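Shown below: data-v4.cif, with mmCIF, C-alpha atoms.
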data_input
loop_
_atom_site.label_atom_id
_atom_site.label_comp_id
_atom_site.auth_asym_id
_atom_site.auth_seq_id
_atom_site.Cartn_x
_atom_site.Cartn_y
_atom_site.Cartn_z
CA MET A 1 -195.67 -148.31 -12.60
CA ALA A 2 -194.51 -148.85 -9.00
CA ASN A 3 -191.53 -150.90 -10.22
CA ARG A 4 -190.50 -148.12 -12.58
CA GLN A 5 -190.62 -145.57 -9.72
CA ALA A 6 -188.60 -147.86 -7.41
CA LEU A 7 -185.99 -148.36 -10.15
CA LYS A 8 -185.76 -144.61 -10.68
CA GLU A 9 -185.24 -144.01 -6.94
CA LEU A 10 -182.55 -146.70 -6.82
CA GLN A 11 -180.71 -145.13 -9.76
CA THR A 12 -180.90 -141.72 -8.09
CA ARG A 13 -179.45 -143.08 -4.82
CA LEU A 14 -176.64 -144.89 -6.66
CA ALA A 15 -175.77 -141.78 -8.67
CA GLU A 16 -175.60 -139.75 -5.45
CA ARG A 17 -173.30 -142.32 -3.80
CA LEU A 18 -170.99 -142.33 -6.83
CA ARG A 19 -170.87 -138.54 -6.80
CA LEU A 20 -169.98 -138.51 -3.09
CA ALA A 21 -167.30 -141.17 -3.58
CA ARG A 22 -165.67 -139.09 -6.34
CA THR A 23 -165.72 -135.83 -4.37
CA GLN A 24 -164.77 -137.23 -0.97
CA GLY A 25 -162.42 -139.95 -2.15
CA VAL A 26 -162.24 -143.42 -0.72
CA ALA A 27 -160.38 -143.57 2.58
CA PRO A 28 -158.35 -146.68 3.33
CA LEU A 29 -159.83 -148.99 5.90
CA TRP A 30 -157.70 -151.36 7.93
CA LEU A 31 -158.05 -154.13 10.45
CA ALA A 32 -155.76 -153.13 13.33
CA VAL A 33 -154.01 -155.97 15.16
CA GLU A 34 -151.18 -156.49 17.62
CA ALA A 35 -148.61 -159.26 17.32
CA GLY A 36 -145.66 -159.51 19.65
CA SER A 37 -144.83 -155.97 20.68
CA LYS A 38 -145.82 -154.45 17.31
CA LYS A 39 -148.99 -152.93 15.92
CA TYR A 40 -150.06 -153.78 12.37
CA LEU A 41 -152.67 -152.65 9.87
CA PHE A 42 -154.13 -155.15 7.40
CA PRO A 43 -156.02 -153.69 4.42
CA LEU A 44 -159.59 -154.78 5.02
CA ALA A 45 -160.06 -155.80 1.37
CA GLN A 46 -157.17 -158.28 1.73
CA SER A 47 -158.26 -159.67 5.10
CA GLY A 48 -160.61 -162.58 5.53
CA GLU A 49 -162.42 -164.10 8.48
CA ILE A 50 -161.33 -163.79 12.08
CA PHE A 51 -161.30 -167.00 14.10
CA PRO A 52 -160.74 -167.66 17.79
CA TRP A 53 -157.63 -169.64 18.71
CA VAL A 54 -158.12 -173.34 17.96
CA GLY A 55 -155.93 -176.37 18.35
CA VAL A 56 -153.22 -176.50 15.73
CA GLN A 57 -151.78 -179.74 14.42
CA PRO A 58 -147.99 -179.29 14.32
CA VAL A 59 -146.08 -180.11 11.14
CA SER A 60 -142.65 -181.74 11.36
CA TYR A 61 -139.62 -180.14 9.76
CA ALA A 62 -141.32 -176.77 9.27
CA GLN A 63 -140.01 -173.26 9.79
CA GLY A 64 -140.25 -171.97 13.38
CA TRP A 65 -142.86 -169.38 12.41
CA PHE A 66 -145.13 -172.04 10.87
CA LEU A 67 -147.16 -173.41 13.76
CA GLY A 68 -148.96 -176.13 11.80
CA VAL A 69 -152.40 -176.58 10.28
CA ALA A 70 -155.86 -175.90 11.66
CA ASN A 71 -159.30 -177.05 10.60
CA LEU A 72 -161.43 -173.90 10.28
CA ARG A 73 -164.98 -174.31 9.04
CA GLY A 74 -164.04 -177.55 7.31
CA GLY A 75 -160.99 -176.16 5.48
CA LEU A 76 -157.32 -176.74 6.28
CA TYR A 77 -155.29 -173.59 6.84
CA GLY A 78 -151.62 -173.10 7.50
CA VAL A 79 -151.08 -171.15 10.73
CA VAL A 80 -148.32 -168.52 10.65
CA ASP A 81 -147.11 -166.78 13.80
CA LEU A 82 -147.02 -163.21 12.46
CA ALA A 83 -144.73 -161.80 15.16
CA TYR A 84 -142.21 -164.57 14.58
CA TYR A 85 -142.41 -164.36 10.77
CA VAL A 86 -141.96 -160.59 10.62
CA GLY A 87 -139.59 -160.00 13.51
CA GLY A 88 -138.23 -163.34 14.66
CA GLN A 89 -140.06 -162.92 17.98
CA ALA A 90 -142.28 -165.89 18.85
CA SER A 91 -145.76 -164.96 19.98
CA PRO A 92 -146.55 -165.41 23.67
CA VAL A 93 -149.62 -167.37 22.58
CA ARG A 94 -147.29 -170.35 22.23
CA ASN A 95 -147.55 -170.50 25.99
CA GLU A 96 -150.62 -172.60 26.76
CA LEU A 97 -151.75 -170.16 29.46
CA VAL A 98 -151.97 -167.09 27.19
CA ARG A 99 -154.65 -167.55 24.54
CA THR A 100 -157.70 -165.54 25.51
CA ASP A 101 -157.12 -162.52 23.25
CA SER A 102 -155.29 -164.26 20.42
CA ARG A 103 -157.01 -164.69 17.06
CA LEU A 104 -156.40 -166.22 13.66
CA VAL A 105 -156.94 -163.81 10.77
CA SER A 106 -157.35 -165.46 7.40
CA LEU A 107 -156.17 -163.98 4.14
CA ASN A 108 -158.94 -163.02 1.73
CA SER A 109 -159.96 -166.00 -0.40
CA ALA A 110 -159.20 -163.95 -3.54
CA LEU A 111 -155.49 -164.25 -2.64
CA GLU A 112 -155.83 -168.03 -3.07
CA VAL A 113 -153.66 -168.96 -0.09
CA ASN A 114 -155.16 -171.06 2.70
CA ALA A 115 -153.30 -169.37 5.52
CA VAL A 116 -154.18 -167.62 8.74
CA LEU A 117 -152.03 -165.23 10.73
CA LEU A 118 -151.79 -165.70 14.47
CA ILE A 119 -152.14 -162.36 16.18
CA ASP A 120 -152.10 -161.60 19.88
CA LYS A 121 -154.94 -159.10 19.95
CA LEU A 122 -157.51 -157.41 17.74
CA ALA A 123 -157.49 -153.62 17.98
CA GLY A 124 -160.52 -152.88 15.79
CA LEU A 125 -160.96 -151.04 12.51
CA ARG A 126 -159.07 -147.90 11.55
CA LYS A 127 -159.67 -145.22 8.93
CA GLN A 128 -157.18 -142.72 7.59
CA ASP A 129 -158.45 -140.04 9.98
CA ALA A 130 -157.32 -142.12 12.99
CA PHE A 131 -153.72 -141.19 12.17
CA VAL A 132 -151.89 -137.89 12.38
CA ASP A 133 -148.78 -138.77 10.38
CA PHE A 134 -147.31 -141.42 8.12
CA SER A 135 -144.01 -142.30 6.49
CA ALA A 136 -142.90 -144.56 3.68
CA PRO A 137 -141.32 -147.89 4.61
CA GLU A 138 -137.60 -147.87 5.29
CA ALA A 139 -135.27 -148.98 2.50
CA ASP A 140 -134.42 -152.28 4.23
CA ALA A 141 -138.04 -153.09 5.17
CA PRO A 142 -139.65 -156.25 3.82
CA GLU A 143 -141.33 -155.85 0.43
CA PHE A 144 -144.77 -156.41 1.96
CA PHE A 145 -144.45 -153.49 4.39
CA GLY A 146 -146.55 -150.49 3.44
CA ASN A 147 -146.55 -147.10 5.08
CA GLN A 148 -146.01 -146.63 8.78
CA TYR A 149 -148.70 -144.58 10.51
CA VAL A 150 -148.74 -142.68 13.80
CA ASP A 151 -152.04 -142.50 15.67
CA LEU A 152 -153.36 -139.74 17.92
CA ASN A 153 -151.65 -141.33 20.96
CA GLY A 154 -148.26 -141.46 19.25
CA ALA A 155 -148.33 -145.23 18.66
CA ARG A 156 -146.74 -146.50 15.43
CA TRP A 157 -148.71 -148.85 13.17
CA GLN A 158 -147.09 -150.78 10.34
CA GLU A 159 -149.25 -151.46 7.30
CA ILE A 160 -148.81 -154.97 5.85
CA ASN A 161 -149.85 -155.65 2.27
CA LEU A 162 -151.28 -159.15 2.66
CA GLN A 163 -151.29 -159.75 -1.08
CA LEU A 164 -147.54 -159.13 -1.29
CA LEU A 165 -147.00 -161.18 1.87
CA ALA A 166 -148.84 -164.14 0.35
CA GLN A 167 -146.59 -163.97 -2.72
CA GLN A 168 -143.31 -164.07 -0.79
CA VAL A 169 -141.21 -167.16 -1.50
CA ASN A 170 -140.36 -167.45 2.21
CA PHE A 171 -144.03 -167.32 3.15
CA LEU A 172 -144.88 -170.09 0.71
CA THR A 173 -141.89 -172.28 1.68
CA ILE A 174 -142.55 -173.73 5.09
CA ALA A 175 -139.90 -176.47 5.03
CA ALA A 176 -137.06 -175.90 7.49
#

Go ahead and express the file in the form of structure tokens.
Amino acid sequence: MANRQALKELQTRLAERLRLARTQGVAPLWLAVEAGSKKYLFPLAQSGEIFPWVGVQPVSYAQGWFLGVANLRGGLYGVVDLAYYVGGQASPVRNELVRTDSRLVSLNSALEVNAVLLIDKLAGLRKQDAFVDFSAPEADAPEFFGNQYVDLNGARWQEINLQLLAQQVNFLTIAA
């Protein structure tokens, strides 16, 4: 009898959550990061683990934005300098003295790409209500760029669709 009552309460709670989700909608949720002089938003569902900076084993004859490979929790991951890949501007983390705030953000395992993005700084999580305006990507923007958002302080944040990024031929071709 107690199990039946607990099941009924669970069903009631789930039904209420579904009703709220339908009426309120699901707001996007992003991981906010900084790389180079730019601010980026990664969809949380496409982001993976966040790792501290670790030693990277360089790879010969690779693109300049491909820093090498890193062993993270027993798996090998390609390390991509996001600032350099997107804008051609090498991250200051390449300097041995500047590594305290830098992080490696992995792509969600569902994307099936063992890669991490080197970012200079984590800026936390953001919801839709953290922004006052947005605009569609410019016509000449990379395919993986999503909307550009403006926060309450006037700072511009560029959304990056990590799934589209991981499917780019350039991203998958590291040979120089």

Within 12 Å of (-136.4, -173.2, 5.0) (file coordinates; only C-alpha atoms), which protein or nucleic acid residues are there? I'd like them as a compact mmCIF listing (two decimals) with C-alpha atoms, keeping the file's coordinate frame.
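Listing of out_30.txt after writing:
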# COMPACT_ATOMS: atom_id res chain seq x y z
CA TYR A 61 -139.62 -180.14 9.76
CA ALA A 62 -141.32 -176.77 9.27
CA GLN A 63 -140.01 -173.26 9.79
CA GLY A 64 -140.25 -171.97 13.38
CA TRP A 65 -142.86 -169.38 12.41
CA PHE A 66 -145.13 -172.04 10.87
CA VAL A 169 -141.21 -167.16 -1.50
CA ASN A 170 -140.36 -167.45 2.21
CA PHE A 171 -144.03 -167.32 3.15
CA LEU A 172 -144.88 -170.09 0.71
CA THR A 173 -141.89 -172.28 1.68
CA ILE A 174 -142.55 -173.73 5.09
CA ALA A 175 -139.90 -176.47 5.03
CA ALA A 176 -137.06 -175.90 7.49

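Between CA of Tyr84 (chain A) and CA of Tyr40 (chain A) the separation is 13.5 Å.
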
Gap from CA of Ala70 (chain A) to CA of Glu49 (chain A) - Å, one decimal
13.9 Å

To one decimal in Å, tell me the separation between CA of Gly75 (chain A) and CA of Asn114 (chain A).
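So the answer is 8.2 Å.
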
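You can rank A:Leu29, A:Gly154, A:Ala141, A:Tyr77 by their closest distance to Phe42 (chain A) using only C-alpha atoms, and at the top of that list sits A:Leu29.
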
Given the point (-146.8, -175.6, 15.0) in the coordinates of this file, which residues lie within 9 Å, counting all atoms listed in the file, and how would they look as a list of chain:residue names?
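Checked against the point, the hits come out as A:Val56, A:Gln57, A:Pro58, A:Val59, A:Ser60, A:Ala62, A:Gln63, A:Gly64, A:Trp65, A:Phe66, A:Leu67, A:Gly68, A:Val69, A:Val79, A:Val80, A:Asp81, A:Arg94.
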
Near-Pro52 (chain A) list (12 Å; all atoms listed in the file; drop same-chain fewer than 2 positions) as a list in words:
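Surrounding residues, per the criterion: Glu49, Ile50, Val54, Gly55, Val56, Ala70, Asn71, Leu72, Arg73, Arg99, Thr100, Asp101, Ser102, Arg103, Leu104, Val105, Ser106, Val116, Leu117, Leu118, Ile119, Asp120, Lys121 and Leu122 of chain A.
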
Selection in question (the file shown): the PyMOL selection byres ((chain A and resi 128) around 12). Which residues does it include, as a ChimeraX atom specification?
/A:25-32,41,43,125-127,129-134,147-152,157,159

C-alpha atoms of the current selection, written as a short mmCIF file (atom, residue, chain, number, x, y, z; two decimals), in the coordinates of the input:
data_model
loop_
_atom_site.label_atom_id
_atom_site.label_comp_id
_atom_site.auth_asym_id
_atom_site.auth_seq_id
_atom_site.Cartn_x
_atom_site.Cartn_y
_atom_site.Cartn_z
CA GLY A 25 -162.42 -139.95 -2.15
CA VAL A 26 -162.24 -143.42 -0.72
CA ALA A 27 -160.38 -143.57 2.58
CA PRO A 28 -158.35 -146.68 3.33
CA LEU A 29 -159.83 -148.99 5.90
CA TRP A 30 -157.70 -151.36 7.93
CA LEU A 31 -158.05 -154.13 10.45
CA ALA A 32 -155.76 -153.13 13.33
CA LEU A 41 -152.67 -152.65 9.87
CA PRO A 43 -156.02 -153.69 4.42
CA LEU A 125 -160.96 -151.04 12.51
CA ARG A 126 -159.07 -147.90 11.55
CA LYS A 127 -159.67 -145.22 8.93
CA ASP A 129 -158.45 -140.04 9.98
CA ALA A 130 -157.32 -142.12 12.99
CA PHE A 131 -153.72 -141.19 12.17
CA VAL A 132 -151.89 -137.89 12.38
CA ASP A 133 -148.78 -138.77 10.38
CA PHE A 134 -147.31 -141.42 8.12
CA ASN A 147 -146.55 -147.10 5.08
CA GLN A 148 -146.01 -146.63 8.78
CA TYR A 149 -148.70 -144.58 10.51
CA VAL A 150 -148.74 -142.68 13.80
CA ASP A 151 -152.04 -142.50 15.67
CA LEU A 152 -153.36 -139.74 17.92
CA TRP A 157 -148.71 -148.85 13.17
CA GLU A 159 -149.25 -151.46 7.30
#

Find the residues around Ala166 (chain A) up to 10 Å (all atoms listed in the file counted), leave out those fewer than 6 positions away in its own chain, and share them as a PDB file with C-alpha atoms, in the coordinates of the input.
ATOM      1  CA  LEU A 107    -156.170-163.980   4.140  1.00  0.00           C
ATOM      2  CA  LEU A 111    -155.490-164.250  -2.640  1.00  0.00           C
ATOM      3  CA  GLU A 112    -155.830-168.030  -3.070  1.00  0.00           C
ATOM      4  CA  VAL A 113    -153.660-168.960  -0.090  1.00  0.00           C
ATOM      5  CA  ASN A 114    -155.160-171.060   2.700  1.00  0.00           C
ATOM      6  CA  ALA A 115    -153.300-169.370   5.520  1.00  0.00           C
ATOM      7  CA  PHE A 144    -144.770-156.410   1.960  1.00  0.00           C
ATOM      8  CA  LEU A 172    -144.880-170.090   0.710  1.00  0.00           C
TER       9      LEU A 172
END

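You can rank A:Asn108, A:Asn153, A:Gln5, A:Gln158 by their closest distance to Lys39 (chain A) using only C-alpha atoms, and at the top of that list sits A:Gln158.
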
I'd like the residues picked by the PyMOL selection byres ((chain A and resi 164) around 10) written out as a list in words, using the chain letters and numbers from the file.
Leu111, Pro142, Glu143, Phe144, Phe145, Gly146, Ile160, Asn161, Leu162, Gln163, Leu165, Ala166, Gln167, Gln168 and Phe171 of chain A

Using all atoms listed in the file: which of A:Gly87, A:Gly48, A:Gly124, A:Pro137 has the shortest distance to Ala110 (chain A)
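For Ala110 (chain A), the nearest of the given residues is A:Gly48.
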
Please put the answer as AutoDock Vina command-line options: centre and edge lengths, in Å with one decimal, of a box along x, y and z that encloses all listed atoms of region 138-156 of chain A plus 5 Å on each side.
--center_x -143.9 --center_y -148.1 --center_z 10.7 --size_x 28.9 --size_y 26.7 --size_z 30.5
